[in-house]
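So this block is structure_5.pdb, PDB, C-alpha atoms, pLDDT in the B column:
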ATOM      1  CA  MET G   6     175.788-215.230  24.289  1.00 51.00           C
ATOM      2  CA  LEU G   7     173.673-217.517  26.436  1.00 62.00           C
ATOM      3  CA  VAL G   8     171.288-215.722  28.789  1.00 80.00           C
ATOM      4  CA  ARG G   9     171.757-217.077  32.287  1.00 91.00           C
ATOM      5  CA  THR G  10     168.875-217.066  34.751  1.00 94.00           C
ATOM      6  CA  PRO G  11     168.644-217.768  38.479  1.00 95.00           C
ATOM      7  CA  GLU G  12     167.072-221.127  37.601  1.00 95.00           C
ATOM      8  CA  ILE G  13     170.230-222.011  35.646  1.00 95.00           C
ATOM      9  CA  PHE G  14     172.422-220.805  38.539  1.00 96.00           C
ATOM     10  CA  TYR G  15     170.402-223.038  40.875  1.00 94.00           C
ATOM     11  CA  LYS G  16     170.775-226.060  38.572  1.00 94.00           C
ATOM     12  CA  ASP G  17     174.516-225.402  38.220  1.00 95.00           C
ATOM     13  CA  GLY G  18     175.049-225.211  42.010  1.00 92.00           C
ATOM     14  CA  LEU G  19     175.811-221.484  41.853  1.00 95.00           C
ATOM     15  CA  TRP G  20     172.810-220.556  44.000  1.00 95.00           C
ATOM     16  CA  PRO G  21     172.216-221.029  47.737  1.00 92.00           C
ATOM     17  CA  VAL G  22     169.731-223.918  47.973  1.00 85.00           C
ATOM     18  CA  GLU G  23     167.797-222.347  50.846  1.00 86.00           C
ATOM     19  CA  TYR G  24     166.382-219.701  48.472  1.00 90.00           C
ATOM     20  CA  GLU G  25     164.066-220.294  45.555  1.00 91.00           C
ATOM     21  CA  PRO G  26     165.460-218.754  42.356  1.00 91.00           C
ATOM     22  CA  LYS G  27     162.265-216.715  41.880  1.00 93.00           C
ATOM     23  CA  SER G  28     161.866-212.971  41.315  1.00 92.00           C
ATOM     24  CA  LYS G  29     159.764-212.403  44.442  1.00 92.00           C
ATOM     25  CA  VAL G  30     162.521-213.962  46.589  1.00 91.00           C
ATOM     26  CA  ILE G  31     165.409-212.271  44.762  1.00 94.00           C
ATOM     27  CA  ASN G  32     163.852-208.799  44.922  1.00 92.00           C
ATOM     28  CA  LYS G  33     163.780-208.994  48.732  1.00 91.00           C
ATOM     29  CA  SER G  34     167.519-209.627  49.030  1.00 92.00           C
ATOM     30  CA  GLU G  35     170.433-207.381  48.098  1.00 93.00           C
ATOM     31  CA  ARG G  36     172.755-210.405  48.305  1.00 94.00           C
ATOM     32  CA  LEU G  37     170.714-212.419  45.805  1.00 95.00           C
ATOM     33  CA  LYS G  38     170.351-209.443  43.443  1.00 95.00           C
ATOM     34  CA  ALA G  39     174.134-209.022  43.540  1.00 95.00           C
ATOM     35  CA  LEU G  40     174.619-212.734  42.895  1.00 96.00           C
ATOM     36  CA  VAL G  41     172.393-212.501  39.801  1.00 96.00           C
ATOM     37  CA  GLU G  42     174.312-209.472  38.541  1.00 95.00           C
ATOM     38  CA  VAL G  43     177.738-211.069  38.967  1.00 96.00           C
ATOM     39  CA  LEU G  44     176.785-214.457  37.503  1.00 96.00           C
ATOM     40  CA  SER G  45     174.950-212.825  34.591  1.00 95.00           C
ATOM     41  CA  SER G  46     177.822-210.565  33.616  1.00 94.00           C
ATOM     42  CA  ILE G  47     180.934-212.751  33.705  1.00 96.00           C
ATOM     43  CA  SER G  48     182.243-214.522  30.611  1.00 95.00           C
ATOM     44  CA  GLU G  49     181.201-218.048  29.625  1.00 95.00           C
ATOM     45  CA  PHE G  50     184.662-219.327  30.495  1.00 96.00           C
ATOM     46  CA  ASP G  51     184.643-217.682  33.936  1.00 96.00           C
ATOM     47  CA  TYR G  52     181.140-219.030  34.575  1.00 97.00           C
ATOM     48  CA  TYR G  53     182.357-222.529  33.650  1.00 96.00           C
ATOM     49  CA  VAL G  54     185.307-222.245  36.073  1.00 96.00           C
ATOM     50  CA  LEU G  55     182.992-221.050  38.862  1.00 96.00           C
ATOM     51  CA  LYS G  56     180.600-223.901  38.127  1.00 95.00           C
ATOM     52  CA  LYS G  57     183.495-226.370  38.396  1.00 95.00           C
ATOM     53  CA  ASN G  58     184.951-224.840  41.579  1.00 94.00           C
ATOM     54  CA  ILE G  59     181.622-224.409  43.388  1.00 93.00           C
ATOM     55  CA  LYS G  60     181.754-228.146  44.101  1.00 90.00           C
ATOM     56  CA  ASN G  61     184.351-227.270  46.763  1.00 88.00           C
ATOM     57  CA  VAL G  62     181.940-224.877  48.495  1.00 87.00           C
ATOM     58  CA  GLN G  63     178.988-225.077  50.845  1.00 84.00           C
ATOM     59  CA  TRP G  64     176.801-221.965  50.571  1.00 87.00           C
ATOM     60  CA  TYR G  65     175.809-220.226  53.790  1.00 86.00           C
ATOM     61  CA  VAL G  66     173.512-217.271  53.195  1.00 89.00           C
ATOM     62  CA  PRO G  67     171.400-216.926  56.350  1.00 86.00           C
ATOM     63  CA  GLU G  68     168.170-214.966  56.347  1.00 83.00           C
ATOM     64  CA  LYS G  69     168.703-211.373  57.448  1.00 77.00           C
ATOM     65  CA  GLU G  70     166.675-212.018  60.599  1.00 74.00           C
ATOM     66  CA  ARG G  71     168.908-214.936  61.688  1.00 72.00           C
ATOM     67  CA  MET G  72     170.894-213.949  64.757  1.00 68.00           C
ATOM     68  CA  GLY G  73     172.665-217.267  65.222  1.00 71.00           C
ATOM     69  CA  GLU G  74     172.517-220.966  64.519  1.00 68.00           C
ATOM     70  CA  VAL G  75     174.474-224.148  64.778  1.00 67.00           C
ATOM     71  CA  PHE G  76     175.440-224.852  61.205  1.00 61.00           C
ATOM     72  CA  PRO G  77     176.065-228.509  60.342  1.00 58.00           C
ATOM     73  CA  ILE G  78     178.802-229.382  57.870  1.00 59.00           C
ATOM     74  CA  TRP G  79     177.675-232.309  55.775  1.00 52.00           C
ATOM     75  CA  TYR G  80     180.225-232.264  53.023  1.00 52.00           C
ATOM     76  CA  GLY G  81     183.579-232.953  54.638  1.00 58.00           C
ATOM     77  CA  LYS G  82     186.339-230.965  52.965  1.00 70.00           C
ATOM     78  CA  LYS G  83     184.277-228.124  51.518  1.00 78.00           C
ATOM     79  CA  SER G  84     184.874-224.465  52.251  1.00 81.00           C
ATOM     80  CA  ILE G  85     181.959-222.313  53.353  1.00 83.00           C
ATOM     81  CA  LEU G  86     180.962-219.368  51.162  1.00 87.00           C
ATOM     82  CA  TYR G  87     179.376-217.018  53.703  1.00 88.00           C
ATOM     83  CA  LEU G  88     177.367-213.977  52.646  1.00 90.00           C
ATOM     84  CA  SER G  89     176.592-212.015  55.792  1.00 87.00           C
ATOM     85  CA  PRO G  90     173.134-210.606  56.569  1.00 89.00           C
ATOM     86  CA  TYR G  91     175.008-207.295  57.095  1.00 86.00           C
ATOM     87  CA  LEU G  92     175.198-207.103  53.304  1.00 89.00           C
ATOM     88  CA  GLU G  93     171.460-206.377  53.288  1.00 89.00           C
ATOM     89  CA  ILE G  94     172.209-203.181  55.230  1.00 85.00           C
ATOM     90  CA  PHE G  95     175.306-202.037  53.310  1.00 78.00           C
ATOM     91  CA  ASN G  96     173.616-202.416  49.938  1.00 73.00           C
ATOM     92  CA  ASP G  97     175.884-199.865  48.246  1.00 78.00           C
ATOM     93  CA  GLN G  98     178.729-202.379  48.611  1.00 87.00           C
ATOM     94  CA  THR G  99     176.862-205.676  48.452  1.00 91.00           C
ATOM     95  CA  LEU G 100     177.728-206.228  44.797  1.00 93.00           C
ATOM     96  CA  GLU G 101     181.445-205.780  45.535  1.00 92.00           C
ATOM     97  CA  PHE G 102     181.366-208.168  48.477  1.00 91.00           C
ATOM     98  CA  VAL G 103     179.495-210.885  46.575  1.00 94.00           C
ATOM     99  CA  ALA G 104     181.815-210.508  43.567  1.00 95.00           C
ATOM    100  CA  HIS G 105     184.799-210.608  45.941  1.00 95.00           C
ATOM    101  CA  GLU G 106     183.741-213.920  47.496  1.00 94.00           C
ATOM    102  CA  LEU G 107     182.896-215.450  44.119  1.00 96.00           C
ATOM    103  CA  ALA G 108     186.349-214.395  42.874  1.00 96.00           C
ATOM    104  CA  HIS G 109     187.890-216.452  45.689  1.00 94.00           C
ATOM    105  CA  VAL G 110     185.869-219.466  44.489  1.00 94.00           C
ATOM    106  CA  TYR G 111     186.807-218.760  40.861  1.00 95.00           C
ATOM    107  CA  LEU G 112     190.501-218.603  41.777  1.00 95.00           C
ATOM    108  CA  GLY G 113     190.346-221.806  43.840  1.00 91.00           C
ATOM    109  CA  HIS G 114     191.234-220.189  47.163  1.00 89.00           C
ATOM    110  CA  PHE G 115     190.241-223.080  49.402  1.00 82.00           C
ATOM    111  CA  TYR G 116     191.748-223.915  52.757  1.00 74.00           C
ATOM    112  CA  ASN G 117     192.323-227.390  54.152  1.00 71.00           C
ATOM    113  CA  TYR G 118     192.622-228.685  57.694  1.00 68.00           C
ATOM    114  CA  ASP G 119     195.596-230.700  58.891  1.00 71.00           C
ATOM    115  CA  LYS G 120     194.167-232.997  61.578  1.00 74.00           C
ATOM    116  CA  LYS G 121     197.584-233.902  63.000  1.00 80.00           C
ATOM    117  CA  LYS G 122     198.791-230.314  63.362  1.00 76.00           C
ATOM    118  CA  LYS G 123     195.252-228.996  64.020  1.00 72.00           C
ATOM    119  CA  VAL G 124     195.717-226.015  61.701  1.00 72.00           C
ATOM    120  CA  PHE G 125     194.173-224.685  58.531  1.00 70.00           C
ATOM    121  CA  PHE G 126     196.502-224.201  55.599  1.00 72.00           C
ATOM    122  CA  GLY G 127     196.222-222.649  52.177  1.00 75.00           C
ATOM    123  CA  PRO G 128     197.577-219.815  50.070  1.00 79.00           C
ATOM    124  CA  PRO G 129     198.814-216.690  51.892  1.00 83.00           C
ATOM    125  CA  HIS G 130     195.990-214.224  52.573  1.00 84.00           C
ATOM    126  CA  GLU G 131     197.824-211.179  51.154  1.00 88.00           C
ATOM    127  CA  MET G 132     198.499-213.010  47.892  1.00 91.00           C
ATOM    128  CA  THR G 133     194.883-214.189  47.529  1.00 91.00           C
ATOM    129  CA  GLU G 134     193.542-210.696  48.128  1.00 93.00           C
ATOM    130  CA  LYS G 135     195.794-209.291  45.380  1.00 94.00           C
ATOM    131  CA  GLN G 136     194.594-212.003  43.006  1.00 95.00           C
ATOM    132  CA  VAL G 137     190.978-211.245  43.888  1.00 95.00           C
ATOM    133  CA  ALA G 138     191.506-207.510  43.318  1.00 94.00           C
ATOM    134  CA  PHE G 139     192.920-208.279  39.865  1.00 95.00           C
ATOM    135  CA  GLN G 140     189.984-210.603  39.067  1.00 96.00           C
ATOM    136  CA  LEU G 141     187.441-208.012  40.217  1.00 95.00           C
ATOM    137  CA  LYS G 142     188.962-205.460  37.837  1.00 95.00           C
ATOM    138  CA  LYS G 143     188.804-208.011  35.029  1.00 95.00           C
ATOM    139  CA  TRP G 144     185.116-208.619  35.796  1.00 95.00           C
ATOM    140  CA  GLY G 145     184.411-204.887  36.082  1.00 93.00           C
ATOM    141  CA  PHE G 146     183.694-204.919  39.822  1.00 88.00           C
ATOM    142  CA  SER G 147     186.706-203.008  41.098  1.00 77.00           C
ATOM    143  CA  LYS G 148     186.340-200.874  44.186  1.00 64.00           C
ATOM    144  CA  LYS G 149     184.297-197.783  43.403  1.00 53.00           C
ATOM    145  CA  LYS G 150     184.075-196.193  46.796  1.00 43.00           C
ATOM    146  CA  LYS G 151     184.784-197.102  50.367  1.00 43.00           C
ATOM    147  CA  SER G 152     182.490-196.926  53.343  1.00 42.00           C
ATOM    148  CA  LYS G 153     183.441-194.248  55.799  1.00 37.00           C
ATOM    149  CA  ILE G 154     182.172-195.716  59.059  1.00 35.00           C
ATOM    150  CA  ILE G 155     180.634-198.979  60.183  1.00 40.00           C
ATOM    151  CA  LEU G 156     179.136-199.068  63.633  1.00 38.00           C
ATOM    152  CA  ARG G 157     179.732-202.314  65.485  1.00 42.00           C
ATOM    153  CA  LEU G 158     177.340-202.751  68.369  1.00 41.00           C
ATOM    154  CA  ASN G 159     178.716-204.577  71.376  1.00 38.00           C
ATOM    155  CA  LEU G 160     176.204-205.425  74.078  1.00 43.00           C
ATOM    156  CA  THR G 161     178.818-206.652  76.583  1.00 44.00           C
ATOM    157  CA  ASN G 162     180.837-203.410  76.961  1.00 44.00           C
ATOM    158  CA  LYS G 163     183.948-205.447  76.135  1.00 45.00           C
ATOM    159  CA  LYS G 164     186.383-204.881  73.315  1.00 46.00           C
ATOM    160  CA  PRO G 165     185.421-207.070  70.319  1.00 44.00           C
ATOM    161  CA  GLN G 166     187.631-210.152  69.890  1.00 45.00           C
ATOM    162  CA  SER G 167     187.841-209.859  66.116  1.00 41.00           C
ATOM    163  CA  PRO G 168     186.824-207.381  63.427  1.00 42.00           C
ATOM    164  CA  LEU G 169     183.833-207.837  61.188  1.00 42.00           C
ATOM    165  CA  PRO G 170     184.567-209.931  58.086  1.00 44.00           C
ATOM    166  CA  GLU G 171     183.932-206.822  55.997  1.00 40.00           C
ATOM    167  CA  VAL G 172     186.916-205.078  57.591  1.00 38.00           C
ATOM    168  CA  ALA G 173     189.183-208.038  56.896  1.00 39.00           C
ATOM    169  CA  LEU G 174     188.360-207.795  53.205  1.00 39.00           C
ATOM    170  CA  GLY G 175     190.064-204.407  53.056  1.00 39.00           C
ATOM    171  CA  LEU G 176     187.118-202.629  51.450  1.00 38.00           C
ATOM    172  CA  ILE G 177     186.495-200.339  54.389  1.00 35.00           C
ATOM    173  CA  GLU G 178     188.675-197.390  55.251  1.00 35.00           C
ATOM    174  CA  GLU G 179     187.700-196.806  58.819  1.00 35.00           C
ATOM    175  CA  THR G 180     185.592-198.392  61.530  1.00 36.00           C
ATOM    176  CA  GLN G 181     184.209-197.135  64.766  1.00 37.00           C
ATOM    177  CA  THR G 182     183.052-199.355  67.585  1.00 37.00           C
ATOM    178  CA  VAL G 183     180.109-198.157  69.637  1.00 36.00           C
ATOM    179  CA  PHE G 184     179.875-199.631  73.128  1.00 34.00           C
ATOM    180  CA  ILE G 185     176.409-199.785  74.679  1.00 31.00           C
TER     181      ILE G 185
END

The structure given in the file should be rewritten as structure tokens.
Amino acid sequence: MLVRTPEIFYKDGLWPVEYEPKSKVINKSERLKALVEVLSSISEFDYYVLKKNIKNVQWYVPEKERMGEVFPIWYGKKSILYLSPYLEIFNDQTLEFVAHELAHVYLGHFYNYDKKKKVFFGPPHEMTEKQVAFQLKKWGFSKKKKSKIILRLNLTNKKPQSPLPEVALGLIEETQTVFI
């Protein structure tokens, strides 16, 4: 079996370009460590499929200190693979989340935009999540445990408009919103 390194991931497009594929950088990030673990452990065939499908993706892995930014889209019809800075905090589940998002790429779950109708379209969410769950089991990254509580801080004292992406993934049993 070929040993894959972060340098190979970088060359193959399976690494966020804003980070050097070096140990000193990787060791500071739970998201990058999880990325190394997933990409190092999947089969050659699955790696090949990911490498092929990653061409449909623009990585977005902001530094954990980044509180916001206007993110330009240079590549037209690509989907964005977003790995939240929150994953640096919830490091007991970071591996699952990274594997989950890579499974979507592996399975070709990309959405398109219909300019005339002004809507996004793609496979049904429930179906894609079932496919991802199956793929995670195949890769050996099935859900091990669920978080009990995530605190969402809201500085406006208003009810949040939408849940955190982590809740939408179905990996969290319960959430609690704290209003300040």

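Of the residues under consideration (G:Glu68, G:Asp97, G:Glu23, G:Glu12), G:Glu12 shows the shortest atom-to-atom contact distance to Val41 of chain G when counting only C-alpha atoms.
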
G:Leu112, G:Leu44, G:Ala39, G:Val62 ranked by distance to Thr99 of chain G, top pick (using only C-alpha atoms): G:Ala39

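The space separating atom CA of Asp51 of chain G from atom CA of Ile31 of chain G comes to 22.7 Å.
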
Output of the PyMOL selection byres ((chain G and resi 36) around 7), listed as a VMD selection string: chain G and resid 34 to 35 37 to 40 92 to 93 99 103

Nearby residues (all atoms listed in the file) at most 10 Å from Gly145 of chain G, same-chain spacing under 2 positions excluded, as a list of chain:residue names: G:Val43, G:Ser46, G:Ile47, G:Glu101, G:Ala104, G:Phe139, G:Gln140, G:Leu141, G:Lys142, G:Lys143, G:Ser147, G:Lys148

Applying 12 Å and only C-alpha atoms, which residues near Glu70 of chain G remain after dropping the ones on its own chain fewer than 2 positions away? List them as a PDB file with C-alpha atoms, keeping the file's coordinate frame.
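In the end it all went to out05.pdb:
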ATOM      1  CA  SER G  34     167.519-209.627  49.030  1.00 92.00           C
ATOM      2  CA  VAL G  66     173.512-217.271  53.195  1.00 89.00           C
ATOM      3  CA  PRO G  67     171.400-216.926  56.350  1.00 86.00           C
ATOM      4  CA  GLU G  68     168.170-214.966  56.347  1.00 83.00           C
ATOM      5  CA  MET G  72     170.894-213.949  64.757  1.00 68.00           C
ATOM      6  CA  GLY G  73     172.665-217.267  65.222  1.00 71.00           C
ATOM      7  CA  GLU G  74     172.517-220.966  64.519  1.00 68.00           C
ATOM      8  CA  SER G  89     176.592-212.015  55.792  1.00 87.00           C
ATOM      9  CA  PRO G  90     173.134-210.606  56.569  1.00 89.00           C
ATOM     10  CA  TYR G  91     175.008-207.295  57.095  1.00 86.00           C
ATOM     11  CA  GLU G  93     171.460-206.377  53.288  1.00 89.00           C
ATOM     12  CA  ILE G  94     172.209-203.181  55.230  1.00 85.00           C
TER      13      ILE G  94
END

For atom CA of Lys27 of chain G and atom CA of Gly113 of chain G, the interatomic separation in Å (one decimal): 28.6 Å
